[in-house]
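Asker: Structure file query-v8.pdb (PDB, C-alpha atoms) is given on the next line.
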ATOM      1  CA  MET A   1     -90.580  39.189 -56.244
ATOM      2  CA  THR A   2     -86.994  38.327 -55.263
ATOM      3  CA  GLU A   3     -84.476  39.200 -57.954
ATOM      4  CA  LYS A   4     -82.160  36.422 -59.080
ATOM      5  CA  LEU A   5     -78.546  36.585 -57.937
ATOM      6  CA  ILE A   6     -75.657  35.335 -60.041
ATOM      7  CA  THR A   7     -73.954  32.088 -59.082
ATOM      8  CA  GLU A   8     -70.309  31.116 -58.941
ATOM      9  CA  GLN A   9     -70.878  29.004 -62.067
ATOM     10  CA  ASP A  10     -72.166  32.116 -63.881
ATOM     11  CA  ILE A  11     -68.875  33.840 -63.113
ATOM     12  CA  ILE A  12     -66.782  30.829 -64.123
ATOM     13  CA  SER A  13     -68.680  30.655 -67.416
ATOM     14  CA  ALA A  14     -68.075  34.379 -67.962
ATOM     15  CA  ARG A  15     -64.373  33.868 -67.402
ATOM     16  CA  ASP A  16     -64.368  31.216 -70.121
ATOM     17  CA  VAL A  17     -65.912  33.821 -72.436
ATOM     18  CA  ILE A  18     -63.395  36.616 -71.764
ATOM     19  CA  THR A  19     -60.246  34.509 -71.447
ATOM     20  CA  GLY A  20     -57.932  35.334 -74.327
ATOM     21  CA  GLN A  21     -59.786  38.567 -75.105
ATOM     22  CA  LEU A  22     -58.981  40.585 -71.990
ATOM     23  CA  TYR A  23     -56.057  40.994 -69.613
ATOM     24  CA  ARG A  24     -55.719  39.557 -66.146
ATOM     25  CA  THR A  25     -54.806  42.913 -64.647
ATOM     26  CA  PRO A  26     -52.006  43.136 -62.072
ATOM     27  CA  MET A  27     -52.216  43.403 -58.303
ATOM     28  CA  GLN A  28     -49.604  45.926 -57.160
ATOM     29  CA  ARG A  29     -48.428  46.011 -53.545
ATOM     30  CA  SER A  30     -48.155  49.545 -52.193
ATOM     31  CA  SER A  31     -45.688  49.529 -49.318
ATOM     32  CA  PHE A  32     -45.966  53.307 -48.912
ATOM     33  CA  LEU A  33     -49.736  53.335 -48.420
ATOM     34  CA  GLY A  34     -49.750  50.051 -46.530
ATOM     35  CA  ASP A  35     -47.135  51.228 -44.053
ATOM     36  CA  GLU A  36     -49.142  54.412 -43.465
ATOM     37  CA  PHE A  37     -51.990  52.318 -42.062
ATOM     38  CA  GLY A  38     -50.157  49.267 -40.776
ATOM     39  CA  VAL A  39     -51.715  46.957 -43.355
ATOM     40  CA  ARG A  40     -50.765  45.007 -46.462
ATOM     41  CA  LEU A  41     -52.302  47.084 -49.242
ATOM     42  CA  TYR A  42     -52.788  45.967 -52.825
ATOM     43  CA  LEU A  43     -54.023  47.970 -55.773
ATOM     44  CA  LYS A  44     -55.946  46.074 -58.450
ATOM     45  CA  LEU A  45     -54.814  48.014 -61.536
ATOM     46  CA  GLU A  46     -57.909  47.570 -63.665
ATOM     47  CA  MET A  47     -57.143  50.781 -65.541
ATOM     48  CA  PHE A  48     -54.715  48.613 -67.508
ATOM     49  CA  GLN A  49     -57.644  46.603 -68.862
ATOM     50  CA  LYS A  50     -58.648  46.924 -72.526
ATOM     51  CA  THR A  51     -60.281  50.375 -73.010
ATOM     52  CA  GLY A  52     -59.025  51.475 -69.569
ATOM     53  CA  SER A  53     -61.627  50.086 -67.152
ATOM     54  CA  PHE A  54     -63.442  46.963 -65.931
ATOM     55  CA  LYS A  55     -66.327  47.518 -68.339
ATOM     56  CA  PRO A  56     -65.315  45.124 -71.182
ATOM     57  CA  ARG A  57     -65.624  42.152 -68.815
ATOM     58  CA  GLY A  58     -69.372  42.556 -68.570
ATOM     59  CA  VAL A  59     -69.921  43.747 -72.128
ATOM     60  CA  LEU A  60     -68.167  40.772 -73.708
ATOM     61  CA  ASN A  61     -70.212  38.362 -71.618
ATOM     62  CA  ARG A  62     -73.425  40.204 -72.453
ATOM     63  CA  LEU A  63     -72.708  40.134 -76.193
ATOM     64  CA  ASN A  64     -71.809  36.456 -76.013
ATOM     65  CA  HIS A  65     -75.303  35.629 -74.750
ATOM     66  CA  MET A  66     -77.182  37.734 -77.303
ATOM     67  CA  PRO A  67     -79.041  35.999 -80.164
ATOM     68  CA  GLN A  68     -77.346  36.334 -83.540
ATOM     69  CA  GLU A  69     -80.290  38.236 -85.047
ATOM     70  CA  GLU A  70     -79.928  40.923 -82.381
ATOM     71  CA  LYS A  71     -76.216  41.221 -83.056
ATOM     72  CA  GLU A  72     -76.856  41.674 -86.776
ATOM     73  CA  LYS A  73     -79.249  44.557 -86.142
ATOM     74  CA  GLY A  74     -76.822  46.228 -83.746
ATOM     75  CA  VAL A  75     -76.639  47.381 -80.151
ATOM     76  CA  ILE A  76     -77.086  50.681 -78.339
ATOM     77  CA  THR A  77     -76.030  51.964 -74.953
ATOM     78  CA  LEU A  78     -75.725  55.112 -72.840
ATOM     79  CA  SER A  79     -72.624  56.160 -70.971
ATOM     80  CA  ALA A  80     -70.497  59.054 -69.783
ATOM     81  CA  GLY A  81     -67.439  57.317 -71.179
ATOM     82  CA  ASN A  82     -65.959  54.065 -69.874
ATOM     83  CA  HIS A  83     -68.907  51.835 -70.752
ATOM     84  CA  ALA A  84     -69.200  53.670 -74.068
ATOM     85  CA  GLN A  85     -65.652  52.730 -74.976
ATOM     86  CA  ALA A  86     -66.131  49.145 -73.831
ATOM     87  CA  VAL A  87     -69.252  48.641 -75.947
ATOM     88  CA  ALA A  88     -67.661  50.224 -79.013
ATOM     89  CA  TRP A  89     -64.538  48.074 -78.662
ATOM     90  CA  ALA A  90     -66.267  44.789 -77.792
ATOM     91  CA  ALA A  91     -68.896  45.224 -80.504
ATOM     92  CA  ALA A  92     -66.179  45.851 -83.071
ATOM     93  CA  GLN A  93     -64.436  42.625 -82.039
ATOM     94  CA  ALA A  94     -67.698  40.752 -82.647
ATOM     95  CA  GLY A  95     -68.586  42.571 -85.867
ATOM     96  CA  VAL A  96     -71.628  44.168 -84.255
ATOM     97  CA  PRO A  97     -72.704  47.761 -85.106
ATOM     98  CA  ALA A  98     -72.725  49.911 -81.963
ATOM     99  CA  THR A  99     -74.486  53.205 -81.234
ATOM    100  CA  VAL A 100     -73.557  55.078 -78.061
ATOM    101  CA  VAL A 101     -75.489  57.941 -76.462
ATOM    102  CA  MET A 102     -73.197  60.216 -74.445
ATOM    103  CA  PRO A 103     -73.644  63.511 -72.593
ATOM    104  CA  ALA A 104     -72.839  66.672 -74.526
ATOM    105  CA  ALA A 105     -70.382  67.500 -71.737
ATOM    106  CA  ALA A 106     -68.649  64.107 -71.755
ATOM    107  CA  VAL A 107     -64.857  64.069 -71.417
ATOM    108  CA  GLN A 108     -63.622  64.637 -74.965
ATOM    109  CA  ALA A 109     -60.947  61.971 -74.706
ATOM    110  CA  LYS A 110     -63.659  59.403 -73.931
ATOM    111  CA  VAL A 111     -65.804  60.577 -76.846
ATOM    112  CA  ASP A 112     -62.843  60.407 -79.224
ATOM    113  CA  ALA A 113     -61.844  56.961 -77.967
ATOM    114  CA  THR A 114     -65.396  55.628 -78.384
ATOM    115  CA  ARG A 115     -65.439  56.799 -81.992
ATOM    116  CA  GLY A 116     -61.934  55.436 -82.478
ATOM    117  CA  TYR A 117     -63.089  51.993 -81.380
ATOM    118  CA  GLY A 118     -65.786  52.107 -84.055
ATOM    119  CA  GLY A 119     -68.862  53.280 -82.179
ATOM    120  CA  GLU A 120     -71.362  55.793 -83.540
ATOM    121  CA  VAL A 121     -71.550  58.516 -80.891
ATOM    122  CA  ILE A 122     -74.697  60.597 -80.396
ATOM    123  CA  GLN A 123     -74.309  63.361 -77.825
ATOM    124  CA  THR A 124     -77.206  65.048 -76.072
ATOM    125  CA  ASP A 125     -77.970  67.730 -73.497
ATOM    126  CA  GLY A 126     -81.154  65.849 -72.616
ATOM    127  CA  ASP A 127     -81.867  62.753 -70.566
ATOM    128  CA  LEU A 128     -79.452  60.007 -71.641
ATOM    129  CA  LEU A 129     -81.764  57.089 -70.966
ATOM    130  CA  GLN A 130     -84.757  58.687 -72.673
ATOM    131  CA  THR A 131     -82.686  59.617 -75.716
ATOM    132  CA  CYS A 132     -81.194  56.131 -75.833
ATOM    133  CA  MET A 133     -84.585  54.422 -75.664
ATOM    134  CA  VAL A 134     -86.063  56.606 -78.412
ATOM    135  CA  ILE A 135     -83.192  55.769 -80.772
ATOM    136  CA  ARG A 136     -83.356  52.099 -79.788
ATOM    137  CA  GLU A 137     -87.018  51.976 -80.776
ATOM    138  CA  GLU A 138     -86.491  53.867 -84.039
ATOM    139  CA  ARG A 139     -83.614  51.639 -85.174
ATOM    140  CA  ASP A 140     -84.744  48.344 -83.580
ATOM    141  CA  LEU A 141     -81.479  47.981 -81.655
ATOM    142  CA  THR A 142     -80.745  45.900 -78.561
ATOM    143  CA  LEU A 143     -79.829  47.752 -75.381
ATOM    144  CA  VAL A 144     -76.561  46.777 -73.730
ATOM    145  CA  HIS A 145     -77.288  48.253 -70.324
ATOM    146  CA  PRO A 146     -74.297  49.834 -68.567
ATOM    147  CA  PHE A 147     -74.818  47.698 -65.474
ATOM    148  CA  ASP A 148     -78.317  46.273 -64.922
ATOM    149  CA  HIS A 149     -78.100  42.807 -66.476
ATOM    150  CA  LEU A 150     -77.128  39.475 -64.937
ATOM    151  CA  ASP A 151     -74.735  38.634 -67.799
ATOM    152  CA  THR A 152     -72.975  41.950 -67.243
ATOM    153  CA  ILE A 153     -72.734  41.392 -63.494
ATOM    154  CA  ALA A 154     -71.331  37.891 -64.032
ATOM    155  CA  GLY A 155     -68.708  39.277 -66.392
ATOM    156  CA  THR A 156     -67.666  41.839 -63.809
ATOM    157  CA  GLY A 157     -67.492  39.059 -61.257
ATOM    158  CA  THR A 158     -64.390  37.761 -63.023
ATOM    159  CA  LEU A 159     -62.513  40.690 -61.478
ATOM    160  CA  GLY A 160     -63.550  39.594 -58.012
ATOM    161  CA  MET A 161     -62.481  36.041 -58.777
ATOM    162  CA  GLU A 162     -59.025  37.292 -59.757
ATOM    163  CA  LEU A 163     -58.751  39.243 -56.510
ATOM    164  CA  VAL A 164     -59.327  36.275 -54.240
ATOM    165  CA  GLU A 165     -57.140  33.976 -56.365
ATOM    166  CA  ASP A 166     -54.211  36.401 -56.469
ATOM    167  CA  VAL A 167     -54.421  37.362 -52.779
ATOM    168  CA  PRO A 168     -56.172  34.503 -50.925
ATOM    169  CA  ASP A 169     -55.813  36.117 -47.476
ATOM    170  CA  LEU A 170     -57.805  39.252 -48.350
ATOM    171  CA  ASP A 171     -59.646  40.824 -45.430
ATOM    172  CA  VAL A 172     -61.132  43.916 -47.085
ATOM    173  CA  VAL A 173     -61.896  44.921 -50.684
ATOM    174  CA  VAL A 174     -62.831  48.478 -51.632
ATOM    175  CA  ALA A 175     -64.640  49.252 -54.910
ATOM    176  CA  GLY A 176     -66.098  52.381 -56.491
ATOM    177  CA  VAL A 177     -69.857  52.611 -56.947
ATOM    178  CA  GLY A 178     -71.758  54.316 -59.756
ATOM    179  CA  GLY A 179     -74.737  52.396 -61.081
ATOM    180  CA  GLY A 180     -73.536  49.332 -59.218
ATOM    181  CA  GLY A 181     -72.046  47.322 -62.071
ATOM    182  CA  LEU A 182     -68.577  46.937 -60.586
ATOM    183  CA  ILE A 183     -69.374  46.302 -56.957
ATOM    184  CA  SER A 184     -72.298  43.938 -57.562
ATOM    185  CA  GLY A 185     -70.213  41.499 -59.598
ATOM    186  CA  VAL A 186     -67.073  41.822 -57.496
ATOM    187  CA  ALA A 187     -68.937  41.454 -54.201
ATOM    188  CA  ALA A 188     -70.806  38.375 -55.412
ATOM    189  CA  ALA A 189     -67.608  36.689 -56.571
ATOM    190  CA  LEU A 190     -65.802  37.467 -53.333
ATOM    191  CA  LYS A 191     -68.574  36.389 -50.984
ATOM    192  CA  LEU A 192     -69.227  33.190 -52.922
ATOM    193  CA  ARG A 193     -65.540  32.251 -52.748
ATOM    194  CA  LYS A 194     -64.576  33.840 -49.406
ATOM    195  CA  PRO A 195     -67.622  34.703 -47.264
ATOM    196  CA  ASP A 196     -65.601  36.334 -44.468
ATOM    197  CA  VAL A 197     -64.112  39.087 -46.677
ATOM    198  CA  THR A 198     -65.449  42.593 -46.027
ATOM    199  CA  VAL A 199     -66.652  44.447 -49.142
ATOM    200  CA  ILE A 200     -66.893  48.232 -48.995
ATOM    201  CA  GLY A 201     -68.308  50.491 -51.691
ATOM    202  CA  VAL A 202     -67.310  54.119 -52.263
ATOM    203  CA  GLU A 203     -69.525  56.806 -53.774
ATOM    204  CA  PRO A 204     -68.892  60.516 -54.414
ATOM    205  CA  GLU A 205     -70.768  62.862 -52.089
ATOM    206  CA  GLY A 206     -72.180  64.552 -55.173
ATOM    207  CA  ALA A 207     -73.602  61.328 -56.617
ATOM    208  CA  PRO A 208     -74.874  59.169 -53.715
ATOM    209  CA  THR A 209     -77.232  57.156 -55.910
ATOM    210  CA  MET A 210     -76.650  53.749 -54.346
ATOM    211  CA  THR A 211     -76.710  55.197 -50.835
ATOM    212  CA  CYS A 212     -80.121  56.741 -51.492
ATOM    213  CA  SER A 213     -81.378  53.541 -53.121
ATOM    214  CA  LEU A 214     -80.339  51.457 -50.128
ATOM    215  CA  GLN A 215     -82.122  53.886 -47.834
ATOM    216  CA  GLU A 216     -85.316  53.639 -49.905
ATOM    217  CA  GLY A 217     -85.043  49.905 -50.506
ATOM    218  CA  GLU A 218     -85.470  50.396 -54.245
ATOM    219  CA  PRO A 219     -83.646  52.155 -57.105
ATOM    220  CA  VAL A 220     -83.989  55.925 -57.005
ATOM    221  CA  HIS A 221     -83.263  58.495 -59.708
ATOM    222  CA  LEU A 222     -81.235  61.565 -58.788
ATOM    223  CA  SER A 223     -82.007  64.619 -60.891
ATOM    224  CA  HIS A 224     -78.827  66.457 -59.912
ATOM    225  CA  LEU A 225     -75.289  65.098 -59.792
ATOM    226  CA  ASP A 226     -72.188  67.106 -58.964
ATOM    227  CA  THR A 227     -68.869  65.284 -58.871
ATOM    228  CA  ILE A 228     -65.529  65.249 -60.608
ATOM    229  CA  ALA A 229     -65.808  61.448 -60.803
ATOM    230  CA  ASP A 230     -67.873  61.152 -63.993
ATOM    231  CA  GLY A 231     -67.298  57.388 -64.015
ATOM    232  CA  LEU A 232     -69.311  57.150 -60.788
ATOM    233  CA  ALA A 233     -71.952  59.743 -61.663
ATOM    234  CA  ALA A 234     -74.858  57.431 -62.459
ATOM    235  CA  PRO A 235     -78.259  59.092 -61.932
ATOM    236  CA  PHE A 236     -79.838  55.712 -61.151
ATOM    237  CA  VAL A 237     -78.800  52.226 -60.083
ATOM    238  CA  GLY A 238     -79.911  48.922 -61.523
ATOM    239  CA  VAL A 239     -82.523  46.672 -59.942
ATOM    240  CA  HIS A 240     -80.224  43.651 -60.207
ATOM    241  CA  ASN A 241     -77.270  45.662 -58.942
ATOM    242  CA  LEU A 242     -79.149  46.918 -55.906
ATOM    243  CA  ARG A 243     -80.172  43.377 -54.975
ATOM    244  CA  HIS A 244     -76.559  42.187 -55.174
ATOM    245  CA  VAL A 245     -75.379  45.117 -53.062
ATOM    246  CA  GLN A 246     -78.060  44.371 -50.470
ATOM    247  CA  ALA A 247     -76.972  40.720 -50.394
ATOM    248  CA  TYR A 248     -73.194  41.014 -50.488
ATOM    249  CA  VAL A 249     -71.856  44.505 -49.667
ATOM    250  CA  ASP A 250     -70.984  45.226 -46.033
ATOM    251  CA  ASP A 251     -70.718  49.005 -46.070
ATOM    252  CA  LEU A 252     -70.977  52.059 -48.303
ATOM    253  CA  VAL A 253     -69.043  55.292 -47.673
ATOM    254  CA  LEU A 254     -68.996  58.732 -49.291
ATOM    255  CA  VAL A 255     -65.961  60.774 -50.337
ATOM    256  CA  SER A 256     -65.687  64.405 -51.429
ATOM    257  CA  ASP A 257     -64.213  65.620 -54.691
ATOM    258  CA  LYS A 258     -61.409  67.239 -52.685
ATOM    259  CA  GLU A 259     -60.562  63.869 -51.146
ATOM    260  CA  ILE A 260     -60.629  62.223 -54.586
ATOM    261  CA  VAL A 261     -58.268  64.816 -56.072
ATOM    262  CA  HIS A 262     -55.870  64.379 -53.155
ATOM    263  CA  ALA A 263     -55.871  60.616 -53.697
ATOM    264  CA  MET A 264     -55.167  61.043 -57.410
ATOM    265  CA  GLY A 265     -52.055  63.013 -56.540
ATOM    266  CA  VAL A 266     -50.866  60.477 -53.975
ATOM    267  CA  ILE A 267     -51.417  57.566 -56.366
ATOM    268  CA  LEU A 268     -49.531  59.361 -59.129
ATOM    269  CA  GLU A 269     -46.614  60.431 -56.940
ATOM    270  CA  ARG A 270     -46.151  57.345 -54.788
ATOM    271  CA  CYS A 271     -47.545  54.491 -56.883
ATOM    272  CA  LYS A 272     -46.574  55.874 -60.313
ATOM    273  CA  VAL A 273     -50.062  55.211 -61.680
ATOM    274  CA  LEU A 274     -52.442  57.672 -63.344
ATOM    275  CA  ALA A 275     -55.953  57.051 -62.048
ATOM    276  CA  GLU A 276     -59.043  58.919 -63.187
ATOM    277  CA  PRO A 277     -61.252  60.266 -60.363
ATOM    278  CA  ALA A 278     -63.555  57.235 -60.314
ATOM    279  CA  ALA A 279     -60.573  54.924 -59.830
ATOM    280  CA  ALA A 280     -58.970  57.089 -57.155
ATOM    281  CA  SER A 281     -62.150  57.104 -55.048
ATOM    282  CA  THR A 282     -61.198  53.844 -53.321
ATOM    283  CA  VAL A 283     -57.841  55.130 -52.126
ATOM    284  CA  ALA A 284     -59.541  58.427 -51.247
ATOM    285  CA  ALA A 285     -61.798  56.593 -48.796
ATOM    286  CA  LEU A 286     -58.752  55.014 -47.181
ATOM    287  CA  LEU A 287     -56.747  58.245 -46.942
ATOM    288  CA  ALA A 288     -59.727  60.189 -45.594
ATOM    289  CA  GLY A 289     -60.294  57.717 -42.775
ATOM    290  CA  LYS A 290     -63.690  56.622 -44.054
ATOM    291  CA  ILE A 291     -62.810  52.934 -43.684
ATOM    292  CA  THR A 292     -62.263  51.258 -40.332
ATOM    293  CA  ILE A 293     -58.896  49.516 -40.416
ATOM    294  CA  THR A 294     -57.381  46.919 -38.120
ATOM    295  CA  GLY A 295     -53.595  46.679 -38.091
ATOM    296  CA  GLY A 296     -52.229  43.705 -39.976
ATOM    297  CA  GLN A 297     -55.178  43.379 -42.347
ATOM    298  CA  THR A 298     -54.788  42.678 -46.053
ATOM    299  CA  ILE A 299     -56.702  45.226 -48.109
ATOM    300  CA  ALA A 300     -57.262  45.607 -51.857
ATOM    301  CA  CYS A 301     -58.423  48.819 -53.504
ATOM    302  CA  ILE A 302     -59.757  48.461 -57.038
ATOM    303  CA  LEU A 303     -58.457  51.177 -59.368
ATOM    304  CA  SER A 304     -60.730  51.034 -62.402
ATOM    305  CA  GLY A 305     -60.522  53.874 -64.858
ATOM    306  CA  GLY A 306     -57.459  55.481 -66.409
ATOM    307  CA  ASN A 307     -59.294  57.608 -68.948
ATOM    308  CA  ILE A 308     -58.628  61.280 -68.304
ATOM    309  CA  ASP A 309     -57.477  63.784 -70.907
ATOM    310  CA  ARG A 310     -54.431  65.995 -70.431
ATOM    311  CA  GLU A 311     -56.342  69.265 -70.196
ATOM    312  CA  ARG A 312     -58.642  67.993 -67.458
ATOM    313  CA  LEU A 313     -55.750  66.394 -65.613
ATOM    314  CA  CYS A 314     -53.924  69.714 -65.462
ATOM    315  CA  VAL A 315     -57.035  71.436 -64.129
ATOM    316  CA  VAL A 316     -57.721  68.726 -61.534
ATOM    317  CA  LEU A 317     -54.195  68.399 -60.170
ATOM    318  CA  GLY A 318     -53.261  72.021 -60.659
TER     319      GLY A 318
END
Since I need it in another form, could you write the structure as structure tokens?

Answerer:
Amino acid sequence: MTEKLITEQDIISARDVITGQLYRTPMQRSSFLGDEFGVRLYLKLEMFQKTGSFKPRGVLNRLNHMPQEEKEKGVITLSAGNHAQAVAWAAAQAGVPATVVMPAAAVQAKVDATRGYGGEVIQTDGDLLQTCMVIREERDLTLVHPFDHLDTIAGTGTLGMELVEDVPDLDVVVAGVGGGGLISGVAAALKLRKPDVTVIGVEPEGAPTMTCSLQEGEPVHLSHLDTIADGLAAPFVGVHNLRHVQAYVDDLVLVSDKEIVHAMGVILERCKVLAEPAAASTVAALLAGKITITGGQTIACILSGGNIDRERLCVVLG
């Protein structure tokens, strides 16, 4: 059975939902990085979005399409941090109770922020999805999946729509890949508006979940993940997300944690922006030569994720 793909109208409708609730995040030209490669380089600063990442775009659209009786009972999700914060924040805006299952080893700043936004946080050393589904059944809650839902993908597509509207002559767009929520929506929006744009996804070497899924032709579950980029450390990808990647993404590359850390430093020093590892992965791919570049191209790297606590930042950047 062929999975349904979102349409341009789905994305336009999602934009109507989020307009007035979220920011249209800036596109910053980086002359330093662009000159290094002989291109026009833009950074989509999505870490300046509400809660610090792209996640609220999809969550707000998902909540908007939920029946009222489900909202009254409450929602539940699982997340290492950025989606957790987005669900807690968006649910609070809608007056919906939110329960969030997070890893015991989650970044403390993300746990604290999720609670601060009003979410009930349950941490576990066990399997996040299994724990989440048990609690969902016990409490009769509705799952707001971190990425595998068409409403969520359409919401994320609003970011891609902004990219092509703000920089119409884009040649290449680079996005981080975890479970596939970001790149599936962005790639669909871009290809539907501008079919000749090249879309490249970036995964950590220690969490190549989408790469493995593409090789197998179906979602795979990785039992071991090892990367500094917790925002991209999804042990599985979504069925809907995989289908969108297969349809719209041109290439997928891997970067090491060392390359990510180097990119974080460059972004901080030269662009004056603090990016968490997941966000810095896109620039890491560029700096490490993982992306084929033609002089004179216009390239956009999406920087989504600015949630990193001070202690971890000091350890990462030394």

Asker: Starting from the shown file, work through the PyMOL selection byres ((chain A and resi 157-168) around 9) and note down what comes out as a VMD selection string.

Answerer: chain A and resid 8 10 to 12 14 to 15 18 24 to 25 27 42 44 46 54 57 to 58 152 to 156 169 to 170 173 182 to 190 193 to 194 298 300

Asker: Suppose you want the space between CA of Lys290 (chain A) and CA of Ser30 (chain A); what is it in Å?

Answerer: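 Pair CA of Lys290 (chain A) / CA of Ser30 (chain A) returns 18.9 Å.
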
Asker: Looking at A:Val197, A:Thr7, A:Pro97, A:Glu203, which one is nearest to Leu225 (chain A), with distances taken over all atoms listed in the file?

Answerer: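 The shortest atom-to-atom distance to Leu225 (chain A) comes from A:Glu203.
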
Asker: Quick check on the file I pasted: which residues fall under the PyMOL selection byres ((chain A and resi 107-119) around 6)? Write them as a list in words.

Answerer: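 What the PyMOL selection byres ((chain A and resi 107-119) around 6) grabs from the file is Gly81, Gln85, Ala88, Trp89, Ala98, Thr99, Ala106, Glu120 and Asp309 of chain A.
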
Asker: Counting all atoms listed in the file, which of A:Gln68, A:Arg310, A:Asp230, A:Leu63 gets nearest to Met102 (chain A)?

Answerer: A:Asp230

Asker: So that I can check the surroundings of Ala263 (chain A), please list as a list in words every protein, DNA and RNA residue that reaches within 7 Å of it, counting only C-alpha atoms and ignoring chain neighbours fewer than 6 positions away.

Answerer: Ala280, Val283 and Ala284 of chain A

Asker: Once you add 5 Å to each side, what are the centre and edge lengths of the axis-aligned box holding all listed atoms of region 26-38 of chain A? One decimal in Å, as lines of an AutoDock Vina configuration file, if you can.

Answerer:
center_x = -49.0
center_y = 48.8
center_z = -51.4
size_x = 16.5
size_y = 21.3
size_z = 31.3

Asker: May I have the residues within 12 Å of Ile267 (chain A) as a list in words, using all atoms listed in the file and disregarding those fewer than 6 positions away in the same chain?

Answerer: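 Result of the neighbour search: Gln28, Ser30, Phe32, Leu33, Leu43, Leu45, Ile260, Val261, Val273, Leu274, Ala275, Glu276, Pro277, Ala279, Ala280, Ser281, Thr282, Val283, Ala284, Leu287, Cys301, Leu303, Gly306 and Leu317 of chain A.
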
Asker: Counting all atoms listed in the file, which residue out of A:Val172, A:Ile76, A:Val121, A:Cys271 sits closest to Val134 (chain A)?

Answerer: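 Counting all atoms listed in the file, the residue closest to Val134 (chain A) is A:Ile76.
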
Asker: List the neighbours of Ala105 (chain A) out to 12 Å using all atoms listed in the file; skip same-chain residues closer than 6 positions along the sequence, and give me the result as a ChimeraX atom specification.

Answerer: /A:79-81,111,122-126,128,230

Asker: For each of A:Gly238, A:Gly34, A:Pro219, A:Pro204, take the minimum atom-to-atom distance to Thr294 (chain A), counting only C-alpha atoms, then give the residue where this is smallest.

Answerer: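 Nearest to Thr294 (chain A): A:Gly34.
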
Asker: Using only C-alpha atoms, which of A:Gly52, A:Asp140, A:Ala285, A:Val237 sits nearest His221 (chain A)?

Answerer: A:Val237

Asker: Mind giving me the straight-line distance from CA of Gly231 (chain A) to CA of Gly206 (chain A) in Å, one decimal?

Answerer: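 The value is 12.4 Å.
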
Asker: Starting from the incomplete input, reconstruct all heavy atoms of region 72-76 of chain A and write that as a compact mmCIF listing (two decimals), in the coordinates of the input.

Answerer:
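Wrote out.txt, looks like this:
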# COMPACT_ATOMS: atom_id res chain seq x y z
N GLU A 72 -76.86 41.19 -85.39
CA GLU A 72 -76.86 41.67 -86.78
C GLU A 72 -77.53 43.04 -86.89
O GLU A 72 -77.12 43.87 -87.70
CB GLU A 72 -77.54 40.65 -87.68
CG GLU A 72 -76.73 39.36 -87.84
CD GLU A 72 -77.49 38.29 -88.60
OE1 GLU A 72 -78.66 38.53 -88.97
OE2 GLU A 72 -76.90 37.20 -88.84
N LYS A 73 -78.56 43.26 -86.11
CA LYS A 73 -79.25 44.56 -86.14
C LYS A 73 -78.42 45.65 -85.46
O LYS A 73 -78.49 46.82 -85.84
CB LYS A 73 -80.61 44.45 -85.47
CG LYS A 73 -81.62 43.61 -86.23
CD LYS A 73 -82.94 43.53 -85.48
CE LYS A 73 -83.96 42.69 -86.23
NZ LYS A 73 -85.25 42.59 -85.47
N GLY A 74 -77.66 45.26 -84.43
CA GLY A 74 -76.82 46.23 -83.75
C GLY A 74 -77.26 46.47 -82.31
O GLY A 74 -78.36 46.09 -81.90
N VAL A 75 -76.37 47.11 -81.56
CA VAL A 75 -76.64 47.38 -80.15
C VAL A 75 -76.55 48.88 -79.89
O VAL A 75 -75.99 49.64 -80.67
CB VAL A 75 -75.65 46.65 -79.23
CG1 VAL A 75 -75.78 45.14 -79.41
CG2 VAL A 75 -74.21 47.09 -79.51
N ILE A 76 -77.13 49.29 -78.75
CA ILE A 76 -77.09 50.68 -78.34
C ILE A 76 -76.87 50.73 -76.84
O ILE A 76 -77.26 49.82 -76.11
CB ILE A 76 -78.39 51.43 -78.72
CG1 ILE A 76 -78.24 52.94 -78.45
CG2 ILE A 76 -79.60 50.85 -77.98
CD1 ILE A 76 -79.37 53.76 -79.05
